[in-house]
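Structure file final.pdb with PDB, C-alpha atoms:
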ATOM      1  CA  MET W   1     135.136 -76.894 120.792
ATOM      2  CA  SER W   2     135.070 -75.270 117.372
ATOM      3  CA  GLY W   3     135.969 -71.693 116.557
ATOM      4  CA  LYS W   4     132.290 -70.728 116.414
ATOM      5  CA  ARG W   5     132.610 -68.860 119.710
ATOM      6  CA  THR W   6     134.626 -66.287 117.805
ATOM      7  CA  TYR W   7     131.349 -65.356 116.125
ATOM      8  CA  ASP W   8     129.334 -64.904 119.329
ATOM      9  CA  ILE W   9     128.542 -61.450 120.710
ATOM     10  CA  ALA W  10     127.808 -61.079 124.409
ATOM     11  CA  PHE W  11     125.169 -58.388 124.040
ATOM     12  CA  VAL W  12     124.212 -58.204 127.734
ATOM     13  CA  GLY W  13     127.145 -55.912 128.458
ATOM     14  CA  LEU W  14     126.601 -53.666 125.434
ATOM     15  CA  LYS W  15     125.114 -50.226 125.951
ATOM     16  CA  PRO W  16     122.121 -49.209 123.829
ATOM     17  CA  GLY W  17     123.175 -47.763 120.482
ATOM     18  CA  GLU W  18     125.350 -48.782 117.561
ATOM     19  CA  HIS W  19     128.312 -51.144 117.800
ATOM     20  CA  GLN W  20     130.616 -52.288 114.997
ATOM     21  CA  PHE W  21     132.228 -55.714 114.615
ATOM     22  CA  SER W  22     134.411 -57.081 111.836
ATOM     23  CA  TYR W  23     135.199 -60.689 110.947
ATOM     24  CA  GLU W  24     137.819 -62.037 108.547
ATOM     25  CA  ILE W  25     136.493 -65.190 106.902
ATOM     26  CA  THR W  26     138.728 -67.790 105.226
ATOM     27  CA  ASP W  27     138.317 -71.426 104.169
ATOM     28  CA  LYS W  28     138.895 -72.442 107.803
ATOM     29  CA  PHE W  29     135.519 -70.924 108.781
ATOM     30  CA  PHE W  30     133.688 -73.451 106.559
ATOM     31  CA  GLN W  31     135.290 -76.561 108.120
ATOM     32  CA  ASP W  32     132.346 -76.943 110.526
ATOM     33  CA  TYR W  33     129.911 -76.991 107.597
ATOM     34  CA  ASP W  34     129.400 -79.367 104.695
ATOM     35  CA  GLU W  35     131.807 -79.310 101.775
ATOM     36  CA  GLN W  36     131.524 -76.076  99.805
ATOM     37  CA  ASP W  37     131.618 -75.551  96.044
ATOM     38  CA  PHE W  38     134.071 -72.662  96.406
ATOM     39  CA  THR W  39     137.612 -72.238  97.739
ATOM     40  CA  GLU W  40     140.202 -69.626  98.643
ATOM     41  CA  VAL W  41     137.761 -67.485 100.590
ATOM     42  CA  ASN W  42     139.115 -64.107 101.592
ATOM     43  CA  ALA W  43     136.075 -62.249 102.881
ATOM     44  CA  THR W  44     135.327 -59.552 105.401
ATOM     45  CA  VAL W  45     131.998 -59.387 107.165
ATOM     46  CA  LYS W  46     131.299 -56.074 108.860
ATOM     47  CA  LEU W  47     128.445 -56.015 111.302
ATOM     48  CA  ASN W  48     126.655 -52.948 112.552
ATOM     49  CA  LEU W  49     124.619 -53.901 115.628
ATOM     50  CA  ASP W  50     122.122 -51.315 116.831
ATOM     51  CA  LYS W  51     120.955 -52.321 120.305
ATOM     52  CA  LYS W  52     117.479 -51.122 121.209
ATOM     53  CA  THR W  53     115.210 -52.001 124.119
ATOM     54  CA  GLY W  54     113.968 -55.526 123.459
ATOM     55  CA  PHE W  55     115.452 -55.937 119.989
ATOM     56  CA  PHE W  56     118.540 -55.485 117.790
ATOM     57  CA  LEU W  57     118.966 -54.196 114.260
ATOM     58  CA  LEU W  58     121.788 -56.071 112.521
ATOM     59  CA  LYS W  59     123.320 -54.988 109.236
ATOM     60  CA  PHE W  60     125.887 -57.331 107.683
ATOM     61  CA  ASP W  61     128.165 -56.047 104.896
ATOM     62  CA  VAL W  62     129.882 -58.879 103.031
ATOM     63  CA  GLY W  63     132.894 -58.161 100.840
ATOM     64  CA  GLY W  64     135.925 -59.988  99.517
ATOM     65  CA  SER W  65     136.662 -62.736  97.057
ATOM     66  CA  LEU W  66     136.667 -66.482  96.549
ATOM     67  CA  LYS W  67     137.110 -68.986  93.731
ATOM     68  CA  VAL W  68     134.296 -70.991  92.156
ATOM     69  CA  ILE W  69     134.155 -73.486  89.308
ATOM     70  CA  CYS W  70     133.094 -71.760  86.092
ATOM     71  CA  ASP W  71     129.740 -72.998  84.778
ATOM     72  CA  ARG W  72     130.986 -72.577  81.196
ATOM     73  CA  CYS W  73     134.478 -74.092  81.112
ATOM     74  CA  GLY W  74     135.043 -75.778  84.495
ATOM     75  CA  ASN W  75     138.149 -73.799  85.474
ATOM     76  CA  ASN W  76     138.631 -71.980  88.771
ATOM     77  CA  LEU W  77     137.183 -68.503  88.483
ATOM     78  CA  PRO W  78     137.746 -65.700  90.995
ATOM     79  CA  MET W  79     134.544 -63.976  92.093
ATOM     80  CA  GLN W  80     134.075 -60.762  94.020
ATOM     81  CA  LEU W  81     131.650 -60.764  96.921
ATOM     82  CA  TRP W  82     129.611 -57.733  97.791
ATOM     83  CA  ASP W  83     126.256 -57.708  99.449
ATOM     84  CA  GLU W  84     124.432 -56.453 102.515
ATOM     85  CA  PHE W  85     121.837 -58.118 104.689
ATOM     86  CA  LYS W  86     119.617 -56.814 107.465
ATOM     87  CA  ILE W  87     118.077 -58.767 110.310
ATOM     88  CA  VAL W  88     115.874 -57.758 113.220
ATOM     89  CA  VAL W  89     116.436 -59.875 116.331
ATOM     90  CA  LYS W  90     113.692 -59.647 118.940
ATOM     91  CA  LEU W  91     113.906 -60.802 122.561
ATOM     92  CA  VAL W  92     110.809 -62.802 123.539
ATOM     93  CA  ASP W  93     109.650 -65.441 126.027
ATOM     94  CA  ASN W  94     108.763 -68.097 123.436
ATOM     95  CA  PRO W  95     111.314 -67.836 120.593
ATOM     96  CA  ASP W  96     110.741 -71.290 119.074
ATOM     97  CA  GLU W  97     107.029 -70.676 118.661
ATOM     98  CA  MET W  98     107.578 -67.157 117.333
ATOM     99  CA  ASN W  99     110.226 -68.303 114.818
ATOM    100  CA  ASP W 100     107.855 -71.022 113.558
ATOM    101  CA  GLN W 101     105.072 -68.454 113.023
ATOM    102  CA  GLU W 102     107.231 -65.669 111.536
ATOM    103  CA  GLU W 103     106.889 -65.300 107.784
ATOM    104  CA  ASP W 104     109.549 -62.616 107.327
ATOM    105  CA  PRO W 105     112.975 -64.285 106.949
ATOM    106  CA  ASP W 106     114.640 -61.086 108.156
ATOM    107  CA  VAL W 107     113.047 -61.263 111.617
ATOM    108  CA  TYR W 108     114.446 -63.685 114.161
ATOM    109  CA  TYR W 109     113.492 -64.313 117.791
ATOM    110  CA  ILE W 110     115.703 -65.315 120.715
ATOM    111  CA  ASP W 111     114.943 -65.988 124.362
ATOM    112  CA  ARG W 112     114.881 -62.998 126.726
ATOM    113  CA  ASN W 113     117.265 -64.903 128.999
ATOM    114  CA  GLU W 114     119.819 -65.378 126.204
ATOM    115  CA  SER W 115     123.079 -63.497 126.636
ATOM    116  CA  HIS W 116     124.813 -64.043 123.274
ATOM    117  CA  LEU W 117     124.042 -63.563 119.606
ATOM    118  CA  HIS W 118     125.375 -66.491 117.590
ATOM    119  CA  LEU W 119     126.428 -65.123 114.203
ATOM    120  CA  SER W 120     128.270 -68.002 112.511
ATOM    121  CA  ASP W 121     125.222 -69.509 110.757
ATOM    122  CA  TRP W 122     124.163 -66.083 109.464
ATOM    123  CA  ILE W 123     127.683 -65.370 108.211
ATOM    124  CA  TYR W 124     127.712 -68.755 106.472
ATOM    125  CA  GLU W 125     124.337 -68.081 104.871
ATOM    126  CA  PHE W 126     125.181 -64.529 103.787
ATOM    127  CA  ILE W 127     128.468 -65.487 102.153
ATOM    128  CA  ASN W 128     126.677 -68.219 100.217
ATOM    129  CA  LEU W 129     123.930 -65.784  99.204
ATOM    130  CA  SER W 130     126.558 -63.291  98.021
ATOM    131  CA  ILE W 131     127.844 -65.690  95.363
ATOM    132  CA  PRO W 132     126.117 -65.129  92.004
ATOM    133  CA  MET W 133     123.848 -67.930  90.783
ATOM    134  CA  THR W 134     125.535 -67.910  87.371
ATOM    135  CA  ARG W 135     129.196 -68.557  87.925
ATOM    136  CA  MET W 136     131.025 -67.544  84.805
ATOM    137  CA  CYS W 137     132.924 -64.615  83.440
ATOM    138  CA  ASN W 138     131.081 -62.024  81.403
ATOM    139  CA  ASP W 139     131.083 -62.129  77.592
ATOM    140  CA  ALA W 140     133.953 -59.632  77.298
ATOM    141  CA  GLU W 141     136.213 -61.875  79.411
ATOM    142  CA  ILE W 142     135.567 -65.144  77.530
ATOM    143  CA  GLY W 143     138.883 -66.618  76.455
ATOM    144  CA  GLY W 144     140.746 -64.686  79.139
ATOM    145  CA  PRO W 145     143.350 -66.015  81.558
ATOM    146  CA  TYR W 146     140.824 -67.932  83.696
ATOM    147  CA  CYS W 147     139.170 -69.762  80.802
ATOM    148  CA  ASN W 148     139.818 -73.333  79.692
ATOM    149  CA  LYS W 149     140.412 -72.646  76.015
ATOM    150  CA  GLU W 150     140.071 -76.314  74.980
ATOM    151  CA  VAL W 151     136.585 -76.517  76.463
ATOM    152  CA  LEU W 152     135.598 -73.220  74.833
ATOM    153  CA  GLU W 153     136.744 -74.540  71.420
ATOM    154  CA  THR W 154     134.704 -77.711  71.917
ATOM    155  CA  LEU W 155     131.648 -75.669  72.899
ATOM    156  CA  ASN W 156     132.037 -73.509  69.787
ATOM    157  CA  LYS W 157     132.220 -76.629  67.593
ATOM    158  CA  LEU W 158     129.023 -77.961  69.177
ATOM    159  CA  ARG W 159     127.140 -74.695  68.720
ATOM    160  CA  PRO W 160     124.537 -75.076  65.956
ATOM    161  CA  SER W 161     125.329 -73.134  62.822
ATOM    162  CA  GLU W 162     122.818 -71.644  60.397
ATOM    163  CA  GLU W 163     123.635 -74.381  57.852
ATOM    164  CA  ASN W 164     122.927 -77.175  60.311
ATOM    165  CA  HIS W 165     119.866 -75.478  61.732
ATOM    166  CA  ASN W 166     117.277 -78.113  62.551
ATOM    167  CA  THR W 167     114.387 -77.820  60.096
ATOM    168  CA  ILE W 168     112.018 -79.894  62.194
ATOM    169  CA  TRP W 169     110.137 -76.740  63.223
ATOM    170  CA  LYS W 170     110.278 -75.079  59.807
ATOM    171  CA  ASP W 171     106.679 -75.909  58.869
ATOM    172  CA  LEU W 172     105.379 -74.466  62.135
ATOM    173  CA  ASP W 173     106.808 -71.022  61.302
ATOM    174  CA  LYS W 174     103.974 -70.402  58.811
ATOM    175  CA  PHE W 175     101.459 -70.534  61.694
ATOM    176  CA  LYS W 176     103.172 -67.668  63.517
ATOM    177  CA  GLY W 177     101.861 -65.163  60.985
ATOM    178  CA  LEU W 178      98.324 -66.580  61.137
ATOM    179  CA  GLU W 179      98.151 -66.195  64.920
ATOM    180  CA  GLU W 180      99.269 -62.571  64.810
ATOM    181  CA  ASN W 181      96.770 -61.710  62.030
ATOM    182  CA  SER W 182      93.825 -63.311  63.873
ATOM    183  CA  ASN W 183      94.169 -60.921  66.831
TER     184      ASN W 183
END
Please re-express this file's structure in structure tokens.
Amino acid sequence: MSGKRTYDIAFVGLKPGEHQFSYEITDKFFQDYDEQDFTEVNATVKLNLDKKTGFFLLKFDVGGSLKVICDRCGNNLPMQLWDEFKIVVKLVDNPDEMNDQEEDPDVYYIDRNESHLHLSDWIYEFINLSIPMTRMCNDAEIGGPYCNKEVLETLNKLRPSEENHNTIWKDLDKFKGLEENSN
């Protein structure tokens, strides 16, 4: 049996109201999933569960750090995680049908007879969603300690200069003025 049970909450015994849970997430958590494009995960997921009659309000706060491969130079780059996600979990008689019909990704249905909330897939998803789409340092940090300076030099050499600017589109520039004047 995997460690996924660690991320289950037996909500049947919880009193109505707010409850807090905290999970420390490392690379070990991701072993049950496909290979990831990040490493050295050191994240904390804090969950605020507000139990109501017939439904739950879940608020996940994701924080921490991990390393990704830089899109610019290919070196390992540390990234900070910070994000929050909210989900409404409703207890119903026909959860499969309701989940198929639900258009809001932040609403999820489980069977009334269920006794546990299974959080591991949500934690997995939220950590992945917390990673920026563009994985590179900002312009002020280029050439810093995490950068592959050889790759950056090669990229600078390949960057088109004004002298080598391709003149294939030069003749089309004269039409830009005509279009603006015709309006």
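From CA of Glu24 (chain W) back to CA of Leu47 (chain W), the distance works out to 11.5 Å.
The shortest atom-to-atom distance to Glu18 (chain W), with all atoms listed in the file taken into account, belongs to W:Asn48 out of W:Asn99, W:Asn94, W:Asn48, W:Gln31.
In this comparison, which uses all atoms listed in the file, the residue of W:Tyr124, W:Leu152, W:Lys51, W:Val89 approaching Lys28 (chain W) most closely is W:Tyr124.
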For the structure provided, state which residues fall under the PyMOL selection byres ((chain W and resi 108) around 12), and present them as an NGL selection string.
-> :W and (55-58 or 86-92 or 94-107 or 109-111 or 117-118 or 122)
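Proximity ranking of W:Asp93, W:Asp71, W:Asp8, W:Glu84 relative to Met133 (chain W) places W:Asp71 first, based on all atoms listed in the file.
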Centre, x/y/z edge lengths, axis-aligned box for region 19-32 of chain W with 6 Å per side, as lines of an AutoDock Vina configuration file:
center_x = 133.6
center_y = -64.0
center_z = 111.0
size_x = 22.6
size_y = 37.8
size_z = 25.6
Please tabulate, as a tab-separated table, the residues of region 77-176 of chain W that come within 9 Å of region 32-46 of chain W, each with its closest pair of atoms and the distance in Å to one decimal, counting only C-alpha atoms and ordering rows by chain, then residue number upward.
residue	atom	partner	partner_atom	distance
W:Pro78	CA	W:Glu40	CA	8.9
W:Leu81	CA	W:Ala43	CA	7.6
W:Ile123	CA	W:Val45	CA	7.5
W:Tyr124	CA	W:Tyr33	CA	8.6
W:Ile127	CA	W:Ala43	CA	8.3
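Closest approach to Lys52 (chain W) from the set W:Gly17, W:Pro132, W:Pro160, W:Pro145 is made by W:Gly17, with distances taken over only C-alpha atoms.
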What does the PyMOL selection byres ((chain W and resi 148-151) around 10) select in this file, as a PDB file with C-alpha atoms, keeping the file's coordinate frame?
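expr.pdb was written with the following content:
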ATOM      1  CA  CYS W  70     133.094 -71.760  86.092  1.00  0.00           C
ATOM      2  CA  ARG W  72     130.986 -72.577  81.196  1.00  0.00           C
ATOM      3  CA  CYS W  73     134.478 -74.092  81.112  1.00  0.00           C
ATOM      4  CA  GLY W  74     135.043 -75.778  84.495  1.00  0.00           C
ATOM      5  CA  ASN W  75     138.149 -73.799  85.474  1.00  0.00           C
ATOM      6  CA  ASN W  76     138.631 -71.980  88.771  1.00  0.00           C
ATOM      7  CA  ILE W 142     135.567 -65.144  77.530  1.00  0.00           C
ATOM      8  CA  GLY W 143     138.883 -66.618  76.455  1.00  0.00           C
ATOM      9  CA  GLY W 144     140.746 -64.686  79.139  1.00  0.00           C
ATOM     10  CA  PRO W 145     143.350 -66.015  81.558  1.00  0.00           C
ATOM     11  CA  TYR W 146     140.824 -67.932  83.696  1.00  0.00           C
ATOM     12  CA  CYS W 147     139.170 -69.762  80.802  1.00  0.00           C
ATOM     13  CA  LEU W 152     135.598 -73.220  74.833  1.00  0.00           C
ATOM     14  CA  GLU W 153     136.744 -74.540  71.420  1.00  0.00           C
ATOM     15  CA  THR W 154     134.704 -77.711  71.917  1.00  0.00           C
ATOM     16  CA  LEU W 155     131.648 -75.669  72.899  1.00  0.00           C
ATOM     17  CA  ASN W 156     132.037 -73.509  69.787  1.00  0.00           C
ATOM     18  CA  LYS W 157     132.220 -76.629  67.593  1.00  0.00           C
TER      19      LYS W 157
END
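Computed from the coordinates, the CA of Met79 (chain W) to CA of Phe60 (chain W) distance equals 19.0 Å.
Closest approach to Gln20 (chain W) among W:Lys174, W:Lys59, W:Lys67, W:Lys4: W:Lys59, based on all atoms listed in the file.
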